[in-house]
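Structure file structure00.cif with mmCIF, C-alpha atoms:
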```cif
data_final
loop_
_atom_site.label_atom_id
_atom_site.label_comp_id
_atom_site.auth_asym_id
_atom_site.auth_seq_id
_atom_site.Cartn_x
_atom_site.Cartn_y
_atom_site.Cartn_z
CA MET A 1 22.84 -25.53 20.75
CA GLN A 2 21.89 -27.35 17.59
CA VAL A 3 19.88 -25.61 14.90
CA THR A 4 18.18 -27.00 11.84
CA LEU A 5 18.64 -24.71 8.89
CA LYS A 6 16.37 -25.33 5.91
CA ILE A 7 17.51 -23.36 2.88
CA PHE A 8 15.72 -22.66 -0.40
CA ARG A 9 17.95 -23.87 -3.23
CA TYR A 10 17.66 -23.23 -6.95
CA ASN A 11 20.39 -23.43 -9.53
CA PRO A 12 18.98 -22.44 -12.94
CA GLU A 13 21.75 -24.35 -14.74
CA VAL A 14 20.85 -27.67 -13.11
CA ASP A 15 17.44 -27.52 -11.44
CA LYS A 16 14.07 -27.52 -13.18
CA THR A 17 12.48 -26.17 -10.04
CA PHE A 18 13.48 -25.14 -6.55
CA HIS A 19 13.98 -27.46 -3.61
CA TYR A 20 15.00 -27.16 0.03
CA GLU A 21 18.12 -28.51 1.67
CA THR A 22 18.38 -28.99 5.40
CA TYR A 23 21.55 -28.63 7.47
CA THR A 24 22.09 -29.34 11.15
CA LEU A 25 24.59 -26.95 12.66
CA GLU A 26 26.13 -26.12 16.01
CA ALA A 27 25.36 -22.50 16.87
CA GLU A 28 25.31 -19.99 19.69
CA GLU A 29 22.02 -18.29 20.37
CA THR A 30 23.73 -14.97 19.65
CA ASP A 31 24.84 -16.13 16.21
CA ARG A 32 23.30 -14.29 13.30
CA ILE A 33 21.54 -16.14 10.50
CA LEU A 34 24.23 -14.76 8.22
CA ASP A 35 26.83 -16.59 10.34
CA LEU A 36 24.92 -19.83 9.79
CA LEU A 37 24.74 -19.25 6.04
CA GLU A 38 28.50 -18.54 5.99
CA LYS A 39 29.05 -21.78 7.91
CA VAL A 40 27.01 -23.76 5.38
CA LYS A 41 28.84 -22.12 2.49
CA GLY A 42 32.26 -22.60 4.11
CA TYR A 43 31.91 -26.13 5.47
CA HIS A 44 28.98 -27.87 3.74
CA ASP A 45 28.22 -26.53 0.29
CA GLY A 46 30.35 -23.86 -1.36
CA ALA A 47 27.78 -23.48 -4.13
CA LEU A 48 25.24 -21.86 -1.80
CA SER A 49 24.64 -18.34 -3.12
CA PHE A 50 23.47 -15.31 -1.18
CA ARG A 51 24.24 -11.60 -1.12
CA ARG A 52 26.12 -10.03 1.77
CA SER A 53 28.37 -7.06 2.08
CA CYS A 54 28.82 -5.05 5.28
CA ALA A 55 27.20 -7.71 7.52
CA HIS A 56 26.20 -5.01 10.00
CA GLY A 57 22.70 -3.97 8.91
CA VAL A 58 23.77 -0.97 6.89
CA CYS A 59 24.26 -2.03 3.27
CA GLY A 60 20.93 -3.86 2.90
CA SER A 61 22.38 -6.68 0.76
CA ASP A 62 21.21 -9.70 2.74
CA ALA A 63 17.46 -9.18 3.03
CA MET A 64 15.72 -12.56 2.84
CA ARG A 65 12.75 -14.44 4.24
CA ILE A 66 13.60 -16.03 7.56
CA ASN A 67 10.85 -18.21 8.98
CA GLY A 68 8.45 -16.47 6.62
CA ARG A 69 9.34 -12.88 7.54
CA ASN A 70 11.53 -10.46 5.64
CA MET A 71 14.65 -9.68 7.65
CA LEU A 72 18.31 -8.89 7.23
CA ALA A 73 20.28 -12.09 7.81
CA CYS A 74 22.99 -10.01 9.51
CA LYS A 75 20.56 -8.60 12.08
CA ALA A 76 18.44 -11.68 12.83
CA LEU A 77 19.83 -13.70 15.75
CA VAL A 78 19.24 -17.38 16.38
CA ARG A 79 17.61 -16.56 19.73
CA ASP A 80 15.07 -14.36 17.91
CA VAL A 81 13.98 -16.94 15.35
CA GLY A 82 14.35 -20.25 17.21
CA ASN A 83 16.34 -23.37 16.42
CA ARG A 84 14.29 -24.50 13.42
CA ILE A 85 15.05 -21.93 10.75
CA THR A 86 13.82 -21.72 7.18
CA VAL A 87 15.59 -19.29 4.87
CA GLU A 88 14.05 -18.32 1.53
CA PRO A 89 14.60 -15.59 -1.05
CA LEU A 90 12.48 -12.42 -1.08
CA LEU A 91 9.03 -12.77 -2.63
CA GLY A 92 7.89 -10.91 -5.73
CA LEU A 93 11.27 -10.79 -7.46
CA LYS A 94 12.65 -13.45 -9.80
CA VAL A 95 15.10 -15.86 -8.17
CA VAL A 96 18.48 -15.77 -9.88
CA LYS A 97 20.12 -18.46 -7.76
CA ASP A 98 19.39 -19.79 -4.27
CA LEU A 99 18.78 -16.72 -2.09
CA ILE A 100 19.71 -14.16 -4.74
CA VAL A 101 16.84 -12.36 -6.46
CA ASP A 102 16.85 -10.06 -9.46
CA MET A 103 16.65 -6.57 -7.92
CA GLU A 104 16.23 -4.75 -11.27
CA PRO A 105 12.42 -4.24 -11.05
CA PHE A 106 12.94 -2.87 -7.54
CA PHE A 107 15.57 -0.36 -8.64
CA ASP A 108 13.63 0.52 -11.81
CA ASN A 109 10.74 1.60 -9.59
CA TYR A 110 13.11 3.42 -7.27
CA LYS A 111 14.54 5.44 -10.17
CA LYS A 112 11.06 6.53 -11.29
CA ILE A 113 10.59 8.87 -8.33
CA LEU A 114 13.80 10.86 -9.07
CA PRO A 115 15.73 9.73 -6.00
CA TYR A 116 18.16 12.64 -5.87
CA PHE A 117 18.22 16.19 -4.56
CA ILE A 118 16.87 18.75 -7.04
CA ASN A 119 17.42 22.45 -6.52
CA ASP A 120 18.23 24.70 -9.47
CA SER A 121 18.14 27.97 -7.49
CA PRO A 122 21.39 29.95 -7.25
CA LEU A 123 23.59 29.07 -4.31
CA PRO A 124 23.14 31.16 -1.14
CA ALA A 125 25.16 34.39 -0.84
CA ASP A 126 27.99 32.68 1.02
CA GLY A 127 28.21 30.19 -1.84
CA ARG A 128 28.19 27.23 0.50
CA GLU A 129 25.34 25.36 2.10
CA ARG A 130 21.54 25.48 1.74
CA LEU A 131 20.71 25.55 5.42
CA GLN A 132 17.58 24.27 7.10
CA SER A 133 16.38 24.38 10.69
CA PRO A 134 16.53 21.30 12.95
CA GLU A 135 12.72 21.13 12.71
CA GLN A 136 12.81 21.14 8.91
CA ARG A 137 15.44 18.40 9.00
CA ALA A 138 13.45 16.37 11.51
CA ARG A 139 10.43 16.40 9.18
CA PHE A 140 11.93 13.73 6.94
CA ASP A 141 14.49 12.24 9.31
CA GLU A 142 12.94 8.80 9.48
CA THR A 143 12.71 8.31 5.74
CA THR A 144 16.42 9.09 5.33
CA LYS A 145 17.16 5.80 7.07
CA CYS A 146 16.19 3.59 4.12
CA ILE A 147 18.99 1.25 3.03
CA LEU A 148 17.20 -0.09 -0.07
CA CYS A 149 17.23 -3.68 1.14
CA ALA A 150 13.80 -4.26 -0.49
CA ALA A 151 12.44 -6.00 2.62
CA CYS A 152 9.45 -3.64 2.61
CA THR A 153 8.64 -3.72 -1.09
CA THR A 154 8.86 -7.51 -1.28
CA SER A 155 6.55 -7.89 1.73
CA CYS A 156 3.84 -5.82 0.03
CA PRO A 157 0.84 -7.70 -1.44
CA SER A 158 0.36 -4.97 -4.06
CA PHE A 159 3.95 -5.53 -5.24
CA TRP A 160 3.47 -9.32 -5.28
CA ALA A 161 0.52 -8.77 -7.59
CA SER A 162 2.43 -6.51 -9.96
CA ASP A 163 6.05 -5.37 -9.90
CA GLN A 164 4.91 -2.28 -11.79
CA TYR A 165 3.78 -0.86 -8.43
CA TYR A 166 6.46 1.54 -7.24
CA GLY A 167 6.46 -0.11 -3.84
CA PRO A 168 7.06 1.18 -0.31
CA ALA A 169 10.82 1.76 -0.69
CA ALA A 170 10.34 4.10 -3.66
CA LEU A 171 7.53 5.95 -1.87
CA VAL A 172 9.67 6.29 1.26
CA THR A 173 12.37 7.91 -0.87
CA ALA A 174 9.75 10.16 -2.48
CA HIS A 175 8.76 11.22 1.05
CA ARG A 176 12.40 11.87 1.94
CA PHE A 177 12.74 14.42 -0.89
CA ILE A 178 9.21 15.85 -1.05
CA PHE A 179 9.34 16.89 2.62
CA ASP A 180 12.90 18.23 2.38
CA SER A 181 12.64 22.04 2.61
CA ARG A 182 15.69 22.43 0.32
CA ASP A 183 14.32 20.32 -2.52
CA GLU A 184 12.39 22.03 -5.32
CA ALA A 185 10.88 19.11 -7.21
CA ALA A 186 8.05 18.24 -4.82
CA ALA A 187 5.37 18.99 -7.43
CA GLU A 188 7.12 16.87 -10.05
CA ARG A 189 7.42 13.94 -7.66
CA MET A 190 3.82 14.31 -6.53
CA HIS A 191 2.71 13.93 -10.14
CA ILE A 192 4.89 10.85 -10.56
CA ILE A 193 3.64 9.06 -7.44
CA ALA A 194 0.01 9.89 -8.31
CA GLU A 195 0.21 7.62 -11.38
CA THR A 196 -1.81 4.40 -11.51
CA ASP A 197 1.08 2.33 -10.12
CA GLY A 198 1.91 4.82 -7.40
CA LEU A 199 0.29 5.92 -4.15
CA ALA A 200 -3.21 4.64 -4.88
CA ARG A 201 -1.95 1.05 -5.00
CA CYS A 202 -0.96 1.17 -1.33
CA HIS A 203 -3.80 -0.57 0.49
CA THR A 204 -2.28 0.00 3.96
CA ALA A 205 -1.52 -3.67 4.60
CA TYR A 206 1.23 -2.53 7.01
CA ASN A 207 3.50 -5.44 5.98
CA CYS A 208 6.18 -2.93 4.97
CA THR A 209 6.28 -1.30 8.38
CA LEU A 210 6.67 -4.69 10.07
CA ALA A 211 9.35 -5.80 7.62
CA CYS A 212 11.58 -2.72 7.71
CA PRO A 213 14.88 -3.57 9.46
CA ARG A 214 15.47 0.16 10.03
CA GLU A 215 12.10 0.54 11.75
CA ILE A 216 10.96 3.30 9.43
CA PRO A 217 7.21 3.96 9.92
CA ILE A 218 6.63 3.36 6.21
CA THR A 219 2.85 3.20 6.16
CA LYS A 220 2.76 6.49 8.08
CA ALA A 221 5.11 8.07 5.54
CA ILE A 222 2.92 6.86 2.66
CA GLY A 223 -0.11 8.20 4.53
CA GLU A 224 1.58 11.60 4.76
CA LEU A 225 2.13 11.55 1.00
CA LYS A 226 -1.56 10.74 0.49
CA MET A 227 -2.53 13.63 2.74
CA ALA A 228 -0.15 15.92 0.85
CA THR A 229 -2.06 15.22 -2.37
CA ILE A 230 -5.19 16.48 -0.61
CA THR A 231 -3.83 19.40 1.43
CA GLY A 232 -0.79 20.31 -0.65
CA LYS A 233 1.21 20.74 2.54
CA VAL A 234 4.73 19.37 2.16
CA GLU A 235 6.29 20.80 5.30
CA MET B 1 19.68 31.42 6.73
CA THR B 2 17.16 28.61 6.42
CA THR B 3 14.76 28.19 3.54
CA THR B 4 11.49 30.03 4.18
CA LYS B 5 9.67 29.50 0.89
CA PRO B 6 6.02 28.45 1.29
CA ARG B 7 5.76 24.69 1.26
CA THR B 8 2.13 24.29 0.26
CA LEU B 9 1.64 23.07 -3.28
CA PRO B 10 -1.15 24.70 -5.31
CA LEU B 11 -4.04 22.43 -6.31
CA SER B 12 -2.69 21.92 -9.82
CA LYS B 13 0.66 20.65 -8.54
CA ARG B 14 -0.47 18.03 -6.04
CA GLY B 15 -0.78 15.21 -8.55
CA LEU B 16 -4.54 15.16 -8.08
CA ASN B 17 -5.31 13.08 -11.18
CA PHE B 18 -8.32 10.81 -11.71
CA GLU B 19 -6.52 7.98 -9.92
CA MET B 20 -5.98 9.96 -6.74
CA LEU B 21 -9.43 11.56 -6.88
CA MET B 22 -10.99 8.10 -7.06
CA TRP B 23 -8.79 7.03 -4.15
CA ILE B 24 -10.18 9.94 -2.12
CA PHE B 25 -13.72 9.25 -3.37
CA THR B 26 -13.48 5.64 -2.22
CA ARG B 27 -12.63 6.76 1.33
CA LEU B 28 -15.32 9.44 1.44
CA SER B 29 -17.97 7.21 -0.17
CA ALA B 30 -17.44 4.62 2.57
CA LEU B 31 -18.15 7.31 5.16
CA ALA B 32 -21.13 8.53 3.11
CA MET B 33 -22.57 5.00 3.09
CA TYR B 34 -22.33 4.83 6.89
CA ALA B 35 -24.06 8.22 7.15
CA LEU B 36 -26.87 7.31 4.71
CA ILE B 37 -27.50 3.94 6.38
CA LEU B 38 -27.63 5.67 9.75
CA ILE B 39 -30.11 8.24 8.39
CA ALA B 40 -32.29 5.43 7.02
CA ILE B 41 -32.27 3.52 10.32
CA ILE B 42 -33.01 6.66 12.38
CA GLY B 43 -35.78 7.57 9.90
CA ALA B 44 -37.28 4.10 10.21
CA LEU B 45 -37.31 4.33 14.01
CA ILE B 46 -39.00 7.74 13.82
CA MET B 47 -41.63 6.31 11.43
CA GLY B 48 -42.52 3.59 13.93
CA ALA B 49 -40.18 0.72 13.07
CA ARG B 50 -39.64 0.00 16.76
CA THR B 51 -43.11 -1.46 17.14
CA GLN B 52 -43.91 -2.43 13.54
CA MET B 53 -40.72 -4.11 12.29
CA ASN B 54 -38.18 -6.64 13.49
CA MET B 55 -34.44 -5.89 13.54
CA ALA B 56 -33.74 -7.80 10.30
CA ASP B 57 -36.34 -5.73 8.42
CA VAL B 58 -34.97 -2.48 9.86
CA LEU B 59 -31.48 -3.39 8.69
CA ARG B 60 -32.81 -4.41 5.29
CA TRP B 61 -34.41 -0.98 5.03
CA GLY B 62 -31.24 0.66 6.37
CA PHE B 63 -29.05 -0.81 3.64
CA MET B 64 -31.55 0.23 0.93
CA PRO B 65 -34.44 2.47 2.04
CA ASN B 66 -36.89 1.33 -0.59
CA SER B 67 -40.58 0.96 0.26
CA SER B 68 -40.71 -2.59 -1.16
CA HIS B 69 -38.44 -3.58 1.74
CA VAL B 70 -41.18 -2.86 4.29
CA GLN B 71 -44.12 -4.38 2.42
CA SER B 72 -43.96 -7.66 4.33
CA THR B 73 -43.80 -5.99 7.76
CA ASN B 74 -46.52 -4.72 10.08
CA VAL B 75 -46.22 -1.15 8.77
CA PRO B 76 -49.86 -0.03 8.21
CA ASP B 77 -49.21 2.74 5.67
CA LEU B 78 -46.44 2.55 3.06
CA ALA B 79 -46.81 6.18 1.95
CA PRO B 80 -44.28 7.76 4.38
CA TRP B 81 -41.78 5.02 3.45
CA ALA B 82 -42.15 5.82 -0.26
CA SER B 83 -41.71 9.60 0.00
CA PRO B 84 -39.38 11.44 -2.43
CA PHE B 85 -36.99 11.98 0.50
CA TRP B 86 -36.44 8.24 0.85
CA LYS B 87 -36.23 7.81 -2.92
CA VAL B 88 -33.47 10.40 -3.06
CA THR B 89 -31.72 8.83 -0.07
CA ALA B 90 -31.94 5.38 -1.67
CA GLY B 91 -30.73 6.78 -4.99
CA LEU B 92 -27.72 8.40 -3.31
CA LEU B 93 -26.91 5.23 -1.42
CA LEU B 94 -27.19 3.22 -4.62
CA PHE B 95 -24.87 5.51 -6.57
CA VAL B 96 -22.28 5.76 -3.80
CA ALA B 97 -22.31 1.99 -3.21
CA VAL B 98 -22.09 1.09 -6.91
CA ALA B 99 -19.26 3.56 -7.57
CA HIS B 100 -17.41 2.46 -4.42
CA GLY B 101 -17.79 -1.24 -5.22
CA VAL B 102 -16.96 -1.01 -8.91
CA HIS B 103 -13.90 1.13 -8.18
CA GLY B 104 -12.82 -1.56 -5.73
CA LEU B 105 -13.07 -4.08 -8.58
CA VAL B 106 -10.96 -1.81 -10.79
CA VAL B 107 -8.30 -1.61 -8.08
CA ILE B 108 -8.27 -5.41 -7.78
CA SER B 109 -8.13 -5.79 -11.56
CA ASP B 110 -5.07 -3.50 -11.61
CA ASP B 111 -3.27 -6.21 -9.62
CA TYR B 112 -3.66 -8.58 -12.55
CA ILE B 113 -3.91 -6.33 -15.60
CA VAL B 114 -0.73 -4.32 -16.08
CA SER B 115 -0.83 -3.27 -19.75
CA ALA B 116 -2.14 0.24 -20.46
CA ARG B 117 -4.61 -1.14 -23.03
CA GLY B 118 -5.93 -3.78 -20.65
CA ARG B 119 -6.38 -1.23 -17.89
CA ASN B 120 -8.24 1.10 -20.25
CA ILE B 121 -10.59 -1.72 -21.22
CA ALA B 122 -11.17 -2.54 -17.52
CA ARG B 123 -11.96 1.12 -16.86
CA ILE B 124 -14.39 1.36 -19.79
CA ILE B 125 -16.17 -1.81 -18.58
CA SER B 126 -16.31 -0.35 -15.06
CA ILE B 127 -17.88 2.89 -16.29
CA ILE B 128 -20.49 0.89 -18.24
CA MET B 129 -21.18 -1.14 -15.09
CA VAL B 130 -21.62 1.98 -12.91
CA ILE B 131 -24.00 3.60 -15.40
CA SER B 132 -26.08 0.49 -16.12
CA PHE B 133 -26.33 -0.63 -12.46
CA SER B 134 -27.26 2.90 -11.38
CA LEU B 135 -29.93 3.24 -14.07
CA MET B 136 -31.46 -0.15 -13.29
CA GLY B 137 -31.41 0.61 -9.57
CA LEU B 138 -32.88 4.07 -10.00
CA TYR B 139 -35.68 2.63 -12.15
CA ILE B 140 -36.55 0.13 -9.41
CA ILE B 141 -36.31 2.75 -6.64
CA TRP B 142 -38.46 5.27 -8.51
CA THR B 143 -41.16 2.85 -9.63
CA SER B 144 -41.64 0.91 -6.39
#
```
Could you express the structure from this file as structure tokens?
Amino acid sequence: MQVTLKIFRYNPEVDKTFHYETYTLEAEETDRILDLLEKVKGYHDGALSFRRSCAHGVCGSDAMRINGRNMLACKALVRDVGNRITVEPLLGLKVVKDLIVDMEPFFDNYKKILPYFINDSPLPADGRERLQSPEQRARFDETTKCILCAACTTSCPSFWASDQYYGPAALVTAHRFIFDSRDEAAAERMHIIAETDGLARCHTAYNCTLACPREIPITKAIGELKMATITGKVE
Amino acid sequence: MTTTKPRTLPLSKRGLNFEMLMWIFTRLSALAMYALILIAIIGALIMGARTQMNMADVLRWGFMPNSSHVQSTNVPDLAPWASPFWKVTAGLLLFVAVAHGVHGLVVISDDYIVSARGRNIARIISIIMVISFSLMGLYIIWTS
């Protein structure tokens, strides 16, 4: 089948503003959008720039807007998006070149919530692992799946308005540690996410949940954080 | 052995700052507005609105139970509609609605104002708005 691929192009060294370029390609309906981008880069225009790494939906490098929705180019198939495809960079982050955006504001927000395990208690008697029950592990299972692709954060209207907002990805990571029975910094993280640019800026638009390629129920996780500020229950 | 430490944070460690309290207030105030409007509408029906007022007038009263809102209806005696109970109800509704609405404006302004100084100014203006709107409204409610 033939597909029409319209790609957002912007080269800061040449272009004053962005433009779109359209390519007509032969494709299978099981081809991924990433395959099409590789084809354009390999056979039509080697200057086309986009991020990709594992190409199997795990590294989170190739999040972009495909027909207006945030997706991973390596997971979106032609049959899912149709034969007229528009590919654009993520919204809310500065475009560096073509489909590459500056991820720094995203990672700056991510770092604010202390995205690492904190436990200063002495090791258990056997000197090995801090065990937890399957139920305790299941409590934050879904939020461990985040791959930091930024599809959620860049689909959020609150983040579009101001990149100071921590964004769904950072809050998902906060959830992952706050509800981990082994972590001891829940109170510290709760204070951080209660700041002006934290939890209260989530207006439950649900865009993040729809955008997440890992199908994490993000709005639910943020809701659980909001409830935790009221009840104090982090288990 | 698995961790068995209590996992409920004390009140002081939940991050319940002004921002989060206002977030909670905004949710609860919306529910309070529904409750107060319902009380006003039920009260109006008990006081005879079913035969003396049309639906538009009942709703007008429901959204602000002030006796001036029933002056142009067929209600024969305004006294029950101007009782202290209704003045207090109207005052509560006014305060809850003003605080809820102005906080909504602050939240929207936070989308566009990101500097700490700018946000402080927006918050000071919002507090002035809540106080002045509430005082003006209370004056009207209490003198009508």
Translate the PyMOL selection byres ((chain B and resi 130) around 8), as applied to the file shown, into an explicit residue set as an MDAnalysis selection string.
chainID B and resid 95 98:99 102 126:129 131:134
Evaluate the PyMOL selection byres ((chain B) within 12 of (chain A)) on the structure here and hand back the selected residues as a VMD selection string.
chain B and resid 1 to 27 103 to 104 106 to 116 119 to 120 123
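CA of His175 (chain A) to CA of Tyr110 (chain A) spans 12.2 Å [interatomic distance, one decimal].
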Just say which residues the PyMOL selection byres ((chain A and resi 62-66) around 6) picks in this file, as a VMD selection string.
chain A and resid 51 to 52 60 to 61 67 to 73 86 to 90 149 151
Would you output that residue set with C-alpha atoms, as a tab-separated table (two decimals), in the coordinates of the input?
```
chain	number	residue	atom	x	y	z
A	51	ARG	CA	24.24	-11.60	-1.12
A	52	ARG	CA	26.12	-10.03	1.77
A	60	GLY	CA	20.93	-3.86	2.90
A	61	SER	CA	22.38	-6.68	0.76
A	67	ASN	CA	10.85	-18.21	8.98
A	68	GLY	CA	8.45	-16.47	6.62
A	69	ARG	CA	9.34	-12.88	7.54
A	70	ASN	CA	11.53	-10.46	5.64
A	71	MET	CA	14.65	-9.68	7.65
A	72	LEU	CA	18.31	-8.89	7.23
A	73	ALA	CA	20.28	-12.09	7.81
A	86	THR	CA	13.82	-21.72	7.18
A	87	VAL	CA	15.59	-19.29	4.87
A	88	GLU	CA	14.05	-18.32	1.53
A	89	PRO	CA	14.60	-15.59	-1.05
A	90	LEU	CA	12.48	-12.42	-1.08
A	149	CYS	CA	17.23	-3.68	1.14
A	151	ALA	CA	12.44	-6.00	2.62
```
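Distance-wise, CA of Pro12 (chain A) and CA of Leu93 (chain A) end up 15.0 Å apart.
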